[in-house]
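> Sending over a structure as C-alpha cells; questions will come in a sec.
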Amino acid sequence: MIDLHRAHSFLFVPGHRPERFDKAMQSGAGAVILDLEDAVAAADKAAARRAIADWLSPARPVLLRINGFNDCGHEQDLAVANTPGVAGIIVSKAESPDQLAEVSLRCPGIPLLPLIESARGLAHCEAMAGHSGVAALVFGAIDFCLDVGVLDEDALDSVRLRLAIASRVGGLARPIDSVTTEFRDAAPVHAAAARARALGFGGKLCIHPAQVAVVNAAFRPSTELIEWARRVLAAEAASAGAATALDGQMLDLPVFEAARRLLADAGQ
C-alpha cells in the first residue's frame with residue numbers, strides 16, 4: 001500500500017530502464033512512479049511495458065503513469081495496470097470523469113490519480129475529484145502552461161489553489177504538484193515544494209533521486225513549528241478546550257485543529 005496522505009515525494013522512473021527500478025525503491029521517495037508516458041520514446045514503449053510487467057510485485061507497490069486516452073499505447077497500458085503491484089494509476093491528460101470511469105471499468109479497485117495538464121482538465125477538476133475511483137489530483141504544470149499559453153509561473157497559484165479546494169471538497173488526499181526540471185540545484189526545488197505546500201498541496205513529483213530528500217524536507221514541518229504545535233495543544237489542555245492565549249495571541253478551535261494536523265504531518 002502507498003499512503004497518499006503521508007507520501008510527499010513521487011519519483012518518476014522511465015519504464016524502459018528496469019535497472020533503475022530497485023534503486024528508486026531505495027531512494028526514500030514516498031512513492032515510485034513507473035512511467036509509460038513522456039519519459040519513454042515511442043519506440044521503447046513496448047519494451048517498457050514488458051519490463052514493468054516482469055518486475056511488478058505486490059511486495060513492492062508502485063504507481064504507474066499510463067499514456068493519455070488519445071495516445072498510442074493507451075489500451076496496452078491498461079493491461080499492464082492490472083498487474084499485481086500497481087497501487088495506483090496516474091492518468092495522463094485526464095479531462096473528464098467519463099474517462100476515469102472507463103479506466104475504473106478496465107482496472108477495477110485500483111486508485112486513480114488524474115493528471116491535470118490542460119484547460120479542459122482544470123475545467124472538470126471538481127467533477128473528477130468527485131469520482132469514486134479517484135484518490136488524489138496531480139498537477140502537470142509544464143503541459144498546462146503549453147496548453148493555456150501561460151508564461152508566468154506566478155499565474156499558476158490560482159490553479160493550484162483550485163486543485164487544493166477541489167481535493168478537499170472531494171475528500172481526497174492533498175494534491176501532488178508538478179515537477180521542477182532543475183535537479184542539480186536544491187534551492188529552486190525546495191522553493192517550489194514549499195510554495196506548493198503553502199497552497200494546500202501534500203506532495204510533489206520528482207524527476208531525479210537528488211530531488212527526493214529536498215522535497216521531503218520542504219513538506220516536513222520544521223522543528224520550530226512542531227514545538228509551537230505542542231505548546232498550542234498544551235494550552236488547549238490547560239484551558240479544557242476553551243479559547244485561551246499564548247505568546248500574546250488568541251487561540252481557539254481552528255488553531256487547535258491546525259496544531260493537531262501539523263503534528264500529524266510530522267508523524268507525531
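FYI, nothing fancy with the C-alpha cells labels: chains A, B, ... in order, residues from 1 per chain, ligands from 1 as they appear.
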Can you tell me which residues surround A:Ala47 at a distance of at most 9 Å, considering only C-alpha atoms, apart from same-chain residues fewer than 5 positions away, and format the answer as a PDB file with N, CA and C atoms, in the first residue's frame?

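Output (around_38.pdb):
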```
ATOM      1  N   GLY A  15      10.004   3.685 -17.742  1.00  0.00           N
ATOM      2  CA  GLY A  15       9.638   2.275 -17.770  1.00  0.00           C
ATOM      3  C   GLY A  15      10.585   1.393 -18.549  1.00  0.00           C
ATOM      4  N   HIS A  16      11.393   1.983 -19.427  1.00  0.00           N
ATOM      5  CA  HIS A  16      12.326   1.180 -20.217  1.00  0.00           C
ATOM      6  C   HIS A  16      13.706   1.087 -19.558  1.00  0.00           C
ATOM      7  N   ILE A  52       8.198  -3.538 -17.049  1.00  0.00           N
ATOM      8  CA  ILE A  52       7.390  -3.224 -15.867  1.00  0.00           C
ATOM      9  C   ILE A  52       6.585  -4.441 -15.433  1.00  0.00           C
TER      10      ILE A  52
END
```
> According to DSSP computed on the backbone, where in stretch 149-252 of chain A is there alpha helix (DSSP H)? Give the residues as a PyMOL selection string.
chain A and resi 157-169+186-198+209-219+223-238
> I need the chosen residues saved as a short mmCIF file (atom, residue, chain, number, x, y, z; two decimals), in the first residue's frame, with N, CA and C atoms.

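Output file selection-v4.cif is given in full below:
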```cif
data_model
loop_
_atom_site.label_atom_id
_atom_site.label_comp_id
_atom_site.auth_asym_id
_atom_site.auth_seq_id
_atom_site.Cartn_x
_atom_site.Cartn_y
_atom_site.Cartn_z
N ASP A 157 -0.61 30.07 -9.28
CA ASP A 157 -1.06 29.97 -7.88
C ASP A 157 -2.56 29.72 -7.81
N SER A 158 -3.32 30.41 -8.63
CA SER A 158 -4.77 30.25 -8.60
C SER A 158 -5.19 28.85 -9.06
N VAL A 159 -4.42 28.28 -9.98
CA VAL A 159 -4.71 26.91 -10.45
C VAL A 159 -4.46 25.93 -9.31
N ARG A 160 -3.33 26.09 -8.65
CA ARG A 160 -3.00 25.18 -7.53
C ARG A 160 -4.05 25.29 -6.42
N LEU A 161 -4.47 26.50 -6.11
CA LEU A 161 -5.46 26.68 -5.06
C LEU A 161 -6.78 26.01 -5.45
N ARG A 162 -7.15 26.11 -6.70
CA ARG A 162 -8.39 25.46 -7.16
C ARG A 162 -8.29 23.94 -7.01
N LEU A 163 -7.15 23.38 -7.34
CA LEU A 163 -6.97 21.93 -7.20
C LEU A 163 -7.00 21.52 -5.74
N ALA A 164 -6.43 22.36 -4.86
CA ALA A 164 -6.46 22.06 -3.43
C ALA A 164 -7.89 22.09 -2.90
N ILE A 165 -8.67 23.06 -3.33
CA ILE A 165 -10.06 23.16 -2.89
C ILE A 165 -10.88 21.98 -3.42
N ALA A 166 -10.69 21.65 -4.70
CA ALA A 166 -11.41 20.52 -5.29
C ALA A 166 -11.08 19.23 -4.55
N SER A 167 -9.83 19.06 -4.16
CA SER A 167 -9.41 17.86 -3.44
C SER A 167 -10.07 17.80 -2.07
N ARG A 168 -10.13 18.93 -1.40
CA ARG A 168 -10.75 18.97 -0.07
C ARG A 168 -12.24 18.66 -0.15
N VAL A 169 -12.92 19.26 -1.11
CA VAL A 169 -14.36 19.03 -1.27
C VAL A 169 -14.62 17.57 -1.64
N ALA A 186 19.48 22.48 -5.38
CA ALA A 186 18.37 22.15 -4.49
C ALA A 186 17.46 23.34 -4.22
N ALA A 187 17.98 24.56 -4.31
CA ALA A 187 17.21 25.75 -3.89
C ALA A 187 15.90 25.90 -4.65
N PRO A 188 15.89 25.86 -5.99
CA PRO A 188 14.60 26.02 -6.68
C PRO A 188 13.63 24.88 -6.42
N VAL A 189 14.16 23.68 -6.20
CA VAL A 189 13.29 22.54 -5.90
C VAL A 189 12.61 22.76 -4.54
N HIS A 190 13.40 23.16 -3.55
CA HIS A 190 12.85 23.41 -2.21
C HIS A 190 11.84 24.55 -2.24
N ALA A 191 12.17 25.61 -2.97
CA ALA A 191 11.28 26.77 -3.04
C ALA A 191 9.95 26.39 -3.69
N ALA A 192 9.99 25.62 -4.76
CA ALA A 192 8.77 25.21 -5.44
C ALA A 192 7.93 24.30 -4.56
N ALA A 193 8.59 23.38 -3.85
CA ALA A 193 7.86 22.47 -2.96
C ALA A 193 7.22 23.24 -1.80
N ALA A 194 7.97 24.18 -1.24
CA ALA A 194 7.44 24.97 -0.12
C ALA A 194 6.25 25.82 -0.57
N ARG A 195 6.33 26.35 -1.80
CA ARG A 195 5.22 27.14 -2.32
C ARG A 195 3.99 26.27 -2.52
N ALA A 196 4.18 25.07 -3.04
CA ALA A 196 3.06 24.15 -3.24
C ALA A 196 2.44 23.78 -1.90
N ARG A 197 3.27 23.52 -0.91
CA ARG A 197 2.76 23.19 0.43
C ARG A 197 1.92 24.34 0.98
N ALA A 198 2.39 25.57 0.77
CA ALA A 198 1.66 26.74 1.27
C ALA A 198 0.31 26.89 0.59
N PRO A 209 16.47 11.28 -8.35
CA PRO A 209 16.59 10.91 -6.92
C PRO A 209 17.14 12.02 -6.04
N ALA A 210 17.95 12.93 -6.61
CA ALA A 210 18.52 14.03 -5.82
C ALA A 210 17.44 14.98 -5.31
N GLN A 211 16.28 14.97 -5.94
CA GLN A 211 15.20 15.87 -5.52
C GLN A 211 14.40 15.32 -4.33
N VAL A 212 14.49 14.03 -4.09
CA VAL A 212 13.61 13.39 -3.12
C VAL A 212 13.79 13.95 -1.71
N ALA A 213 15.02 13.98 -1.22
CA ALA A 213 15.25 14.47 0.14
C ALA A 213 14.88 15.94 0.28
N VAL A 214 15.12 16.71 -0.78
CA VAL A 214 14.79 18.14 -0.76
C VAL A 214 13.28 18.33 -0.63
N VAL A 215 12.53 17.59 -1.42
CA VAL A 215 11.07 17.68 -1.37
C VAL A 215 10.53 17.19 -0.03
N ASN A 216 11.04 16.08 0.45
CA ASN A 216 10.60 15.58 1.76
C ASN A 216 10.80 16.62 2.84
N ALA A 217 11.96 17.28 2.82
CA ALA A 217 12.26 18.29 3.84
C ALA A 217 11.33 19.50 3.72
N ALA A 218 11.00 19.88 2.49
CA ALA A 218 10.14 21.06 2.29
C ALA A 218 8.73 20.82 2.81
N PHE A 219 8.26 19.58 2.72
CA PHE A 219 6.90 19.28 3.17
C PHE A 219 6.86 18.86 4.64
N THR A 223 11.23 22.11 13.01
CA THR A 223 11.32 21.87 14.46
C THR A 223 10.58 22.96 15.22
N GLU A 224 10.71 24.20 14.73
CA GLU A 224 10.05 25.32 15.40
C GLU A 224 8.53 25.20 15.33
N LEU A 225 8.02 24.79 14.17
CA LEU A 225 6.57 24.63 14.04
C LEU A 225 6.05 23.48 14.91
N ILE A 226 6.82 22.40 14.97
CA ILE A 226 6.41 21.27 15.80
C ILE A 226 6.34 21.69 17.27
N GLU A 227 7.34 22.44 17.71
CA GLU A 227 7.34 22.90 19.10
C GLU A 227 6.17 23.84 19.36
N TRP A 228 5.88 24.72 18.38
CA TRP A 228 4.72 25.62 18.52
C TRP A 228 3.43 24.80 18.65
N ALA A 229 3.28 23.78 17.82
CA ALA A 229 2.06 22.96 17.86
C ALA A 229 1.92 22.26 19.21
N ARG A 230 3.00 21.78 19.74
CA ARG A 230 2.94 21.13 21.05
C ARG A 230 2.52 22.11 22.13
N ARG A 231 3.04 23.31 22.06
CA ARG A 231 2.68 24.32 23.06
C ARG A 231 1.21 24.74 22.92
N VAL A 232 0.74 24.81 21.68
CA VAL A 232 -0.67 25.14 21.46
C VAL A 232 -1.58 24.07 22.06
N LEU A 233 -1.25 22.81 21.85
CA LEU A 233 -2.09 21.74 22.38
C LEU A 233 -1.97 21.64 23.90
N ALA A 234 -0.83 22.00 24.43
CA ALA A 234 -0.70 22.06 25.89
C ALA A 234 -1.59 23.17 26.45
N ALA A 235 -1.65 24.29 25.75
CA ALA A 235 -2.52 25.39 26.18
C ALA A 235 -3.98 24.98 26.07
N GLU A 236 -4.32 24.24 25.02
CA GLU A 236 -5.69 23.75 24.87
C GLU A 236 -6.07 22.84 26.05
N ALA A 237 -5.16 21.94 26.40
CA ALA A 237 -5.44 21.03 27.51
C ALA A 237 -5.63 21.81 28.81
N ALA A 238 -4.79 22.82 29.01
CA ALA A 238 -4.87 23.60 30.25
C ALA A 238 -6.16 24.40 30.33
#
```
> Any idea what's packed within 10 Å of A:Gln76, counting only C-alpha atoms, ignoring anything in its chain fewer than 3 positions away? Could you give it as a list in words?
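Result of the neighbour search: Lys45, Ala46, Arg49, Ile66, Asn67, Cys72, Gly73, Ala79, Val80 and Ala81 of chain A.
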> DSSP says strand (DSSP E or B) for which residues of stretch 189-219 of chain A? Put them as a ChimeraX atom specification?
/A:203-206
